[in-house]
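Data block for final-v7.txt (compact mmCIF, C-alpha atoms):
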```txt
# COMPACT_ATOMS: atom_id res chain seq x y z
CA MET D 1 31.56 27.71 14.57
CA GLN D 2 31.44 29.31 11.13
CA LEU D 3 33.19 26.33 9.58
CA ALA D 4 30.73 23.96 11.24
CA ALA D 5 27.78 26.03 10.03
CA ALA D 6 29.19 26.11 6.49
CA ALA D 7 29.73 22.34 6.57
CA ASN D 8 26.17 21.75 7.75
CA GLU D 9 24.82 24.00 5.01
CA SER D 10 26.83 22.12 2.40
CA LEU D 11 25.45 18.83 3.70
CA ALA D 12 21.92 20.22 3.53
CA HIS D 13 22.46 21.19 -0.13
CA LEU D 14 23.92 17.74 -0.80
CA SER D 15 20.87 16.15 0.80
CA ASN D 16 18.53 18.16 -1.41
CA ASN D 17 20.52 17.31 -4.54
CA LEU D 18 20.49 13.61 -3.72
CA ILE D 19 16.73 13.64 -3.15
CA TYR D 20 16.18 15.37 -6.50
CA ALA D 21 18.55 12.90 -8.17
CA SER D 22 16.60 9.99 -6.67
CA MET D 23 13.39 11.48 -8.07
CA ALA D 24 14.96 11.62 -11.53
CA VAL D 25 16.02 7.97 -11.29
CA TYR D 26 12.62 6.91 -9.95
CA THR D 27 11.08 8.63 -12.97
CA LEU D 28 13.23 6.50 -15.27
CA ALA D 29 12.18 3.43 -13.26
CA PHE D 30 8.55 4.49 -13.74
CA PHE D 31 8.95 4.50 -17.52
CA ALA D 32 10.82 1.19 -17.42
CA HIS D 33 7.93 -0.37 -15.48
CA ILE D 34 5.50 1.06 -18.03
CA ALA D 35 7.54 -0.62 -20.77
CA GLU D 36 7.50 -3.88 -18.79
CA TRP D 37 3.71 -3.85 -18.67
CA ILE D 38 3.39 -2.84 -22.32
CA PHE D 39 5.66 -5.58 -23.65
CA GLY D 40 4.18 -8.04 -21.16
CA SER D 41 0.77 -7.45 -22.71
CA ARG D 42 2.04 -9.16 -25.86
CA SER D 43 2.03 -12.49 -24.07
CA LYS D 44 -0.75 -14.96 -24.72
CA VAL D 45 -3.91 -13.67 -23.07
CA ALA D 46 -6.75 -15.54 -21.35
CA ARG D 47 -4.51 -17.99 -19.46
CA THR D 48 -6.17 -17.02 -16.22
CA ALA D 49 -9.58 -16.87 -17.85
CA ALA D 50 -9.22 -20.48 -18.95
CA ALA D 51 -8.09 -21.51 -15.48
CA LEU D 52 -11.02 -19.69 -13.91
CA THR D 53 -13.52 -21.26 -16.30
CA ASN D 54 -12.23 -24.70 -15.42
CA ALA D 55 -12.22 -23.84 -11.73
CA GLY D 56 -15.81 -22.62 -11.89
CA ALA D 57 -16.99 -25.74 -13.70
CA ALA D 58 -15.26 -28.02 -11.22
CA SER D 59 -16.17 -26.12 -8.05
CA THR D 60 -19.03 -28.44 -7.09
CA ALA D 61 -16.91 -31.52 -7.65
CA LYS D 62 -14.18 -30.13 -5.41
CA ALA D 63 -16.62 -29.47 -2.60
CA ALA D 64 -16.27 -33.10 -1.58
CA ALA D 65 -13.15 -34.52 0.02
CA PRO D 66 -10.35 -35.13 -2.48
CA ALA D 67 -10.19 -38.65 -3.72
CA VAL D 68 -7.38 -40.98 -2.69
CA GLN D 69 -5.21 -42.07 -5.59
CA VAL D 70 -4.25 -45.75 -5.66
CA ARG D 71 -1.30 -46.95 -7.62
CA SER D 72 0.37 -50.33 -7.70
CA LYS D 73 3.93 -50.89 -6.61
CA GLY D 74 5.46 -54.06 -7.94
CA SER D 75 3.07 -56.98 -8.23
CA SER D 76 1.49 -57.20 -4.81
CA THR D 77 1.67 -53.86 -2.99
CA ALA D 78 -0.96 -51.11 -3.23
CA VAL D 79 0.19 -47.59 -2.35
CA LEU D 80 -2.22 -44.87 -1.27
CA ASP D 81 -1.04 -41.45 -2.45
CA LYS D 82 -1.78 -38.59 -0.08
CA PRO D 83 -4.43 -36.38 -1.70
CA LYS D 84 -3.49 -32.79 -2.54
CA VAL D 85 -5.28 -30.39 -0.24
CA VAL D 86 -5.85 -26.84 -1.52
CA THR D 87 -5.67 -24.27 1.26
CA ARG D 88 -7.90 -21.24 0.85
CA SER D 89 -7.24 -17.84 2.34
CA ALA D 90 -10.74 -16.49 1.97
CA ALA D 91 -14.25 -17.87 1.83
CA GLY D 92 -15.19 -18.72 -1.73
CA THR D 93 -11.65 -18.41 -3.02
CA ARG D 94 -11.17 -19.85 -6.48
CA ASP D 95 -8.39 -22.33 -7.17
CA VAL D 96 -6.57 -20.13 -9.67
CA PRO D 97 -2.83 -20.07 -10.41
CA ASP D 98 -0.87 -16.86 -10.04
CA GLY D 99 -0.34 -14.77 -13.16
CA PRO D 100 3.07 -14.59 -14.84
CA GLY D 101 3.83 -11.10 -13.54
CA ALA D 102 4.04 -7.71 -15.21
CA ALA D 103 6.46 -9.05 -17.85
CA GLY D 104 3.81 -11.56 -18.94
CA GLY D 105 6.42 -14.25 -19.46
CA THR D 106 7.98 -12.34 -22.34
CA VAL D 107 11.75 -11.92 -22.62
CA GLN D 108 11.57 -8.25 -23.56
CA GLY D 109 9.09 -7.45 -20.81
CA ASP D 110 11.31 -9.20 -18.28
CA LEU D 111 14.31 -7.19 -19.50
CA TYR D 112 12.52 -3.89 -18.90
CA GLY D 113 11.34 -5.17 -15.53
CA ARG D 114 14.90 -5.93 -14.48
CA ILE D 115 15.99 -2.49 -15.67
CA ALA D 116 13.19 -0.96 -13.62
CA VAL D 117 14.27 -2.84 -10.49
CA SER D 118 17.88 -1.79 -11.05
CA LEU D 119 16.85 1.85 -11.42
CA THR D 120 14.65 1.57 -8.34
CA THR D 121 17.63 0.24 -6.40
CA LEU D 122 19.77 3.16 -7.59
CA GLY D 123 17.02 5.62 -6.66
CA PHE D 124 16.79 4.01 -3.23
CA LEU D 125 20.53 4.39 -2.66
CA LEU D 126 20.42 8.05 -3.70
CA ALA D 127 17.43 8.74 -1.45
CA ALA D 128 19.10 6.93 1.45
CA GLY D 129 22.17 9.09 0.87
CA GLY D 130 19.94 12.17 0.93
CA VAL D 131 18.39 11.11 4.23
CA GLY D 132 21.84 10.42 5.66
CA ALA D 133 23.18 13.79 4.52
CA ARG D 134 20.17 15.50 6.08
CA ALA D 135 20.93 13.73 9.37
CA LEU D 136 24.54 14.92 9.28
CA SER D 137 23.51 18.48 8.46
CA VAL D 138 21.18 18.73 11.48
CA GLU D 139 23.29 16.43 13.70
CA ARG D 140 20.31 14.36 14.79
CA ALA D 141 17.85 11.75 13.57
CA PRO D 142 16.41 13.09 10.28
CA TRP D 143 12.72 13.04 11.11
CA GLY D 144 11.97 16.12 13.17
CA ASN D 145 9.38 17.53 10.75
CA MET D 146 7.08 16.33 7.97
CA TYR D 147 9.62 16.89 5.20
CA GLU D 148 12.20 14.68 6.88
CA PHE D 149 9.57 12.10 7.82
CA SER D 150 8.30 11.96 4.23
CA ILE D 151 11.66 11.44 2.54
CA THR D 152 12.53 8.78 5.11
CA PHE D 153 9.14 7.10 4.79
CA SER D 154 9.40 6.72 1.01
CA THR D 155 12.97 5.45 1.32
CA VAL D 156 11.96 2.80 3.85
CA ALA D 157 8.98 1.76 1.68
CA VAL D 158 11.25 1.21 -1.32
CA GLY D 159 13.75 -0.59 0.91
CA ALA D 160 11.03 -2.95 2.15
CA TYR D 161 10.01 -3.68 -1.45
CA LEU D 162 13.60 -4.41 -2.48
CA LEU D 163 14.04 -6.63 0.57
CA LEU D 164 11.01 -8.69 -0.45
CA LEU D 165 12.48 -9.02 -3.94
CA ALA D 166 15.82 -10.11 -2.45
CA LEU D 167 13.93 -12.77 -0.46
CA LYS D 168 12.56 -14.11 -3.77
CA LYS D 169 9.01 -13.00 -3.05
CA ASN D 170 6.65 -12.50 -5.98
CA VAL D 171 6.18 -8.72 -5.59
CA ARG D 172 7.52 -7.20 -8.82
CA TRP D 173 3.92 -6.49 -9.78
CA LEU D 174 4.05 -3.82 -7.05
CA GLY D 175 6.89 -1.91 -8.72
CA LEU D 176 4.89 0.50 -10.91
CA PHE D 177 2.41 1.34 -8.15
CA LEU D 178 5.23 1.82 -5.63
CA VAL D 179 7.40 4.06 -7.80
CA THR D 180 4.38 6.20 -8.77
CA THR D 181 3.35 6.83 -5.17
CA VAL D 182 6.95 7.38 -4.04
CA LEU D 183 7.34 10.07 -6.70
CA LEU D 184 4.11 11.65 -5.46
CA ASP D 185 5.32 11.53 -1.86
CA LEU D 186 8.70 13.08 -2.72
CA GLY D 187 7.04 15.68 -4.92
CA ILE D 188 4.83 16.81 -2.03
CA ALA D 189 7.77 16.68 0.37
CA THR D 190 10.07 18.85 -1.75
CA THR D 191 7.42 21.44 -2.62
CA VAL D 192 4.72 21.71 0.04
CA LEU D 193 6.44 20.22 3.08
CA TYR D 194 10.03 21.36 2.58
CA THR D 195 11.68 22.83 5.69
CA ASP D 196 15.21 24.15 6.01
CA SER D 197 17.58 22.29 8.31
CA ASP D 198 17.01 23.38 11.88
CA GLN D 199 17.31 22.15 15.43
CA LEU D 200 14.52 20.45 17.31
CA VAL D 201 12.09 22.00 19.74
CA PRO D 202 13.05 21.10 23.35
CA ALA D 203 10.35 18.42 23.71
CA LEU D 204 11.83 16.42 20.84
CA LYS D 205 15.42 16.42 22.10
CA SER D 206 15.42 12.87 23.39
CA TYR D 207 16.75 9.47 22.41
CA TRP D 208 13.09 8.45 22.16
CA LEU D 209 12.97 10.38 18.88
CA LEU D 210 15.24 7.73 17.40
CA ILE D 211 13.19 4.88 18.85
CA HIS D 212 9.59 6.06 18.58
CA VAL D 213 9.62 7.87 15.24
CA SER D 214 11.83 5.32 13.48
CA THR D 215 9.42 2.51 14.35
CA ALA D 216 6.48 4.68 13.25
CA ILE D 217 8.16 5.19 9.86
CA ILE D 218 8.86 1.48 9.45
CA CYS D 219 5.28 0.59 10.38
CA GLY D 220 3.83 3.14 7.97
CA ALA D 221 6.01 1.93 5.10
CA VAL D 222 5.06 -1.72 5.66
CA PHE D 223 1.38 -0.87 6.20
CA TYR D 224 1.55 0.91 2.85
CA ILE D 225 2.72 -2.29 1.13
CA GLY D 226 -0.04 -4.24 2.85
CA ALA D 227 -2.60 -1.67 1.70
CA ALA D 228 -1.29 -1.89 -1.88
CA GLY D 229 -1.80 -5.65 -1.72
CA ALA D 230 -5.38 -5.13 -0.48
CA VAL D 231 -6.14 -2.73 -3.36
CA MET D 232 -4.76 -5.18 -5.92
CA TYR D 233 -6.73 -7.98 -4.28
CA LEU D 234 -10.01 -6.10 -4.73
CA PHE D 235 -9.36 -5.53 -8.43
CA ARG D 236 -8.20 -9.08 -9.04
CA ASP D 237 -11.07 -10.58 -7.06
CA SER D 238 -13.61 -8.61 -9.12
CA TYR D 239 -11.91 -9.79 -12.29
CA GLU D 240 -11.97 -13.44 -11.23
CA ALA D 241 -15.59 -13.24 -10.06
CA LYS D 242 -16.69 -11.75 -13.39
CA LEU D 243 -14.98 -14.55 -15.32
CA VAL D 244 -16.51 -17.24 -13.14
CA ARG D 245 -19.96 -15.72 -13.73
CA GLY D 246 -19.33 -15.99 -17.47
CA GLY D 247 -18.68 -12.29 -18.00
CA LYS D 248 -16.13 -10.89 -20.42
CA PRO D 249 -13.86 -8.17 -19.03
CA GLY D 250 -12.43 -5.66 -21.46
CA ARG D 251 -9.24 -6.41 -23.33
CA PHE D 252 -7.21 -3.94 -21.26
CA ALA D 253 -8.53 -5.31 -17.96
CA THR D 254 -7.80 -8.85 -19.08
CA SER D 255 -4.29 -8.01 -20.21
CA VAL D 256 -3.46 -6.36 -16.87
CA MET D 257 -5.37 -8.49 -14.38
CA GLU D 258 -4.28 -11.85 -15.81
CA ARG D 259 -0.67 -11.04 -14.92
CA PHE D 260 -1.28 -10.31 -11.23
CA PRO D 261 -1.08 -13.01 -8.56
CA SER D 262 -4.39 -14.71 -7.86
CA ALA D 263 -6.84 -13.07 -5.48
CA ALA D 264 -6.06 -15.78 -2.92
CA SER D 265 -2.33 -14.99 -3.07
CA LEU D 266 -2.90 -11.23 -2.78
CA ASP D 267 -5.28 -11.78 0.14
CA LYS D 268 -2.68 -13.81 2.03
CA PHE D 269 0.09 -11.37 1.12
CA SER D 270 -1.76 -8.37 2.52
CA TYR D 271 -2.75 -10.22 5.68
CA ARG D 272 0.75 -11.52 6.41
CA ILE D 273 2.35 -8.12 5.82
CA ASN D 274 -0.07 -6.34 8.17
CA ALA D 275 0.09 -9.09 10.79
CA ALA D 276 3.90 -9.05 10.77
CA VAL D 277 4.20 -5.32 11.47
CA PHE D 278 1.26 -4.92 13.88
CA PRO D 279 3.32 -5.84 16.99
CA LEU D 280 5.83 -3.13 16.04
CA TRP D 281 2.99 -0.60 15.77
CA THR D 282 1.91 -1.65 19.27
CA PHE D 283 5.45 -0.99 20.48
CA THR D 284 5.41 2.39 18.69
CA ILE D 285 2.40 3.55 20.70
CA ILE D 286 3.88 2.26 23.95
CA ALA D 287 7.21 4.01 23.22
CA GLY D 288 5.33 7.22 22.45
CA ALA D 289 3.52 7.02 25.78
CA ILE D 290 6.80 6.53 27.65
CA TRP D 291 8.34 9.48 25.79
CA ALA D 292 5.27 11.62 26.63
CA GLY D 293 5.75 10.74 30.27
CA ASP D 294 9.35 11.94 30.14
CA ALA D 295 8.64 15.08 28.12
CA TRP D 296 5.28 16.26 29.46
CA GLY D 297 4.85 14.41 32.73
CA ARG D 298 1.89 12.31 31.55
CA TYR D 299 1.64 9.14 29.51
CA TRP D 300 -1.66 9.94 27.83
CA GLY D 301 -3.37 13.27 27.26
CA TRP D 302 -5.90 12.72 24.45
CA ASP D 303 -3.78 14.76 22.09
CA PRO D 304 -5.06 14.39 18.47
CA LYS D 305 -1.93 12.48 17.43
CA GLU D 306 -2.29 10.12 20.38
CA VAL D 307 -5.97 9.57 19.73
CA TRP D 308 -5.55 8.79 16.02
CA SER D 309 -2.56 6.55 16.67
CA PHE D 310 -4.79 4.55 18.98
CA VAL D 311 -7.66 4.60 16.47
CA THR D 312 -5.25 3.22 13.86
CA TRP D 313 -4.17 0.50 16.28
CA VAL D 314 -7.79 -0.44 16.97
CA ALA D 315 -8.58 -0.52 13.25
CA TYR D 316 -5.71 -2.88 12.50
CA ALA D 317 -6.55 -5.00 15.54
CA CYS D 318 -10.13 -5.31 14.26
CA TYR D 319 -8.81 -6.21 10.81
CA LEU D 320 -6.57 -8.96 12.13
CA HIS D 321 -9.35 -10.31 14.32
CA ALA D 322 -11.87 -10.16 11.48
CA ARG D 323 -9.40 -11.74 9.07
CA ALA D 324 -9.14 -14.74 11.39
CA THR D 325 -12.94 -15.08 11.40
CA ALA D 326 -14.50 -16.95 8.48
CA GLY D 327 -17.27 -14.44 7.88
CA TRP D 328 -14.87 -11.52 7.47
CA LYS D 329 -12.32 -12.90 5.05
CA GLY D 330 -11.96 -11.68 1.52
CA ARG D 331 -13.39 -8.34 0.41
CA LYS D 332 -14.78 -7.27 3.78
CA ALA D 333 -11.40 -7.77 5.42
CA ALA D 334 -9.66 -5.92 2.57
CA TYR D 335 -11.96 -2.91 3.02
CA LEU D 336 -11.18 -2.92 6.72
CA ALA D 337 -7.44 -3.06 6.01
CA LEU D 338 -7.75 -0.05 3.70
CA PHE D 339 -9.77 1.82 6.33
CA ALA D 340 -7.02 1.14 8.87
CA PHE D 341 -4.36 2.47 6.50
CA ALA D 342 -6.54 5.51 5.76
CA CYS D 343 -6.51 6.18 9.51
CA TRP D 344 -2.72 6.06 9.43
CA ILE D 345 -2.59 8.49 6.48
CA TRP D 346 -5.02 10.86 8.21
CA ASN D 347 -2.93 10.66 11.37
CA TYR D 348 0.08 11.78 9.35
CA TYR D 349 -1.27 14.43 6.98
CA GLY D 350 -4.59 15.47 8.50
CA VAL D 351 -3.60 15.60 12.15
CA ASN D 352 -0.22 17.24 11.51
CA ILE D 353 -1.53 19.94 9.18
CA LEU D 354 -5.17 20.54 10.12
CA LEU D 355 -5.28 19.86 13.86
CA SER D 356 -3.28 21.48 16.63
CA GLY D 357 -1.74 19.75 19.59
CA LYS D 358 1.51 18.93 21.32
CA HIS D 359 2.60 16.98 18.24
CA SER D 360 2.37 19.99 15.91
CA TYR D 361 5.89 19.72 14.49
CA ALA D 362 4.95 19.66 10.80
CA GLY D 363 7.14 22.64 9.97
CA VAL D 364 4.71 23.86 7.27
```
I'd like the structure from this file rewritten - as structure tokens, please.
Amino acid sequence: MQLAAAANESLAHLSNNLIYASMAVYTLAFFAHIAEWIFGSRSKVARTAAALTNAGAASTAKAAAPAVQVRSKGSSTAVLDKPKVVTRSAAGTRDVPDGPGAAGGTVQGDLYGRIAVSLTTLGFLLAAGGVGARALSVERAPWGNMYEFSITFSTVAVGAYLLLLALKKNVRWLGLFLVTTVLLDLGIATTVLYTDSDQLVPALKSYWLLIHVSTAIICGAVFYIGAAGAVMYLFRDSYEAKLVRGGKPGRFATSVMERFPSAASLDKFSYRINAAVFPLWTFTIIAGAIWAGDAWGRYWGWDPKEVWSFVTWVAYACYLHARATAGWKGRKAAYLALFAFACWIWNYYGVNILLSGKHSYAGV
């Protein structure tokens, strides 16, 4: 017994050291991303501004159906080329190309960006090792309190980001924002939320902990990426609208905003991310109800955690419904997506810390 206790304590220390090491590496990744944006700003500016100006001038002409192009083939055959149809993700979307990314198309900026991604990958591996060591030290799934949930949440969020990069998705613009918030999350976890390794309360000793809480963590991490896309969309959309109106954004705003994907791309990105994970969030609530039936003898009891989980579900359901309705695309839908994610954040921090109920397992 003493040897087992000593081994578990050693694993707990290893977990803490790995989490701190991941924070150090994420900090280096943060500075590398800063360098990527700085060197990327040396690229030629106003590419997007020029595209927007042309798009604004030609908007009335494009309101009509695209013309059919006729070209001759040989001496007697006329070929009708299929017109290019521009799909729009939001009402009033401008036909603007995506920006070149944080590196701005510069070689040196791209080098720092690749270094940042490499460091982020290393930080992810260290954090994943810390989560794994924590699981071994407590001999259970490592999300029985807010500290364990937080370190796992940030690890899954970074893992989702790296997966999108591996799938060749244009998301490197998210790197600086992601690393910054992950450092904030881990900082809060290791200072305010830290809890020593301990066993679970009886109600949590169930295989449903592995199922229900793991899906909740995955949903939260992916919702976070969708919310980040919505935030970037709002900034980029304001930038594009100002240019179309003939305004002149500041030099800093131009240098940053011109490198992001277009507002249309960010709008679609946020919608697809949220729509993809919404069914899993539905399953999370259903799994929680089944677990509540096993643990407390009732499937629903209007506990604060249950209520706000359902409120979050309703908010995302409204967002997805509104996003599919023409009048609620664009900025209105983005605000609704951010409200839904704010409900998720409140359900995690606010309900766990400020409200009392059967889900009061924060450990702080």
Item to check | Nearest-residue call for D:Ala287, choices D:Phe339, D:Tyr161, D:Trp208, D:Trp308, using all atoms listed in the file | outcome: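 Checking each candidate against D:Ala287, we get D:Trp208 as the closest.
You can rank D:Leu126, D:Thr121, D:Leu209, D:Ile188 by their closest distance to D:Trp143 using only C-alpha atoms, and at the top of that list sits D:Leu209.
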Set up a box along x, y and z of the file covering all listed atoms of stretch 324-341 of chain D, add 3 Å on every one of the six sides, and write the centre and edge lengths in Å to one decimal, as lines of an AutoDock Vina configuration file.
```
center_x = -10.8
center_y = -7.2
center_z = 5.9
size_x = 18.9
size_y = 25.4
size_z = 17.0
```
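Of the residues listed (D:His33, D:Arg298, D:Arg140, D:Arg323), D:His33 shows the shortest atom-to-atom separation from D:Arg172; distances use only C-alpha atoms.
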Which residues of stretch 295-352 of chain D have any atom within 10 Å of an atom in stretch 225-231 of chain D when counting all atoms listed in the file, and what is the closest pair of atoms for each, with the distance in Å to one decimal? Order the rows by chain and rising number and write it as CSV.
```
residue,atom,partner,partner_atom,distance
D:Gly330,CA,D:Ala230,CA,9.5
D:Arg331,CA,D:Ala230,CA,8.7
D:Ala333,CA,D:Ala230,CA,8.8
D:Ala334,CA,D:Ala230,CA,5.3
D:Tyr335,CA,D:Ala230,CA,7.8
D:Leu336,CA,D:Ala230,CA,9.5
D:Ala337,CA,D:Ala227,CA,6.6
D:Leu338,CA,D:Ala227,CA,5.8
D:Phe339,CA,D:Ala227,CA,9.2
D:Ala340,CA,D:Ala227,CA,8.9
D:Phe341,CA,D:Ala227,CA,6.6
D:Ala342,CA,D:Ala227,CA,9.1
```
Checklist entry - For D:Ala317, which of D:Val277, D:Ala189, D:Val222, D:Ile115 is the closest residue, counting all atoms listed in the file? => result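 Nearest candidate to D:Ala317 out of D:Val277, D:Ala189, D:Val222, D:Ile115: D:Val277.
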Next on the checklist: Just the number, please: distance in Å from atom CA of D:Phe124 to atom CA of D:Val138, one decimal.
Outcome noted: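 Taking atom CA of D:Phe124 as the start and atom CA of D:Val138 as the end point, the length is 21.3 Å.
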Item to check | Residue contacts of D:Asp185 (10 Å, only C-alpha atoms) excluding same-chain residues fewer than 4 positions away, as an MDAnalysis selection string | outcome: chainID D and resid 147 150:151 153:154 179:181 189:190
Item to check | Nearest-residue call for D:Phe252, choices D:Ser214, D:Asn17, D:Ser41, D:Thr27, using all atoms listed in the file | outcome: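 Among D:Ser214, D:Asn17, D:Ser41, D:Thr27, it is D:Ser41 that comes nearest to D:Phe252.
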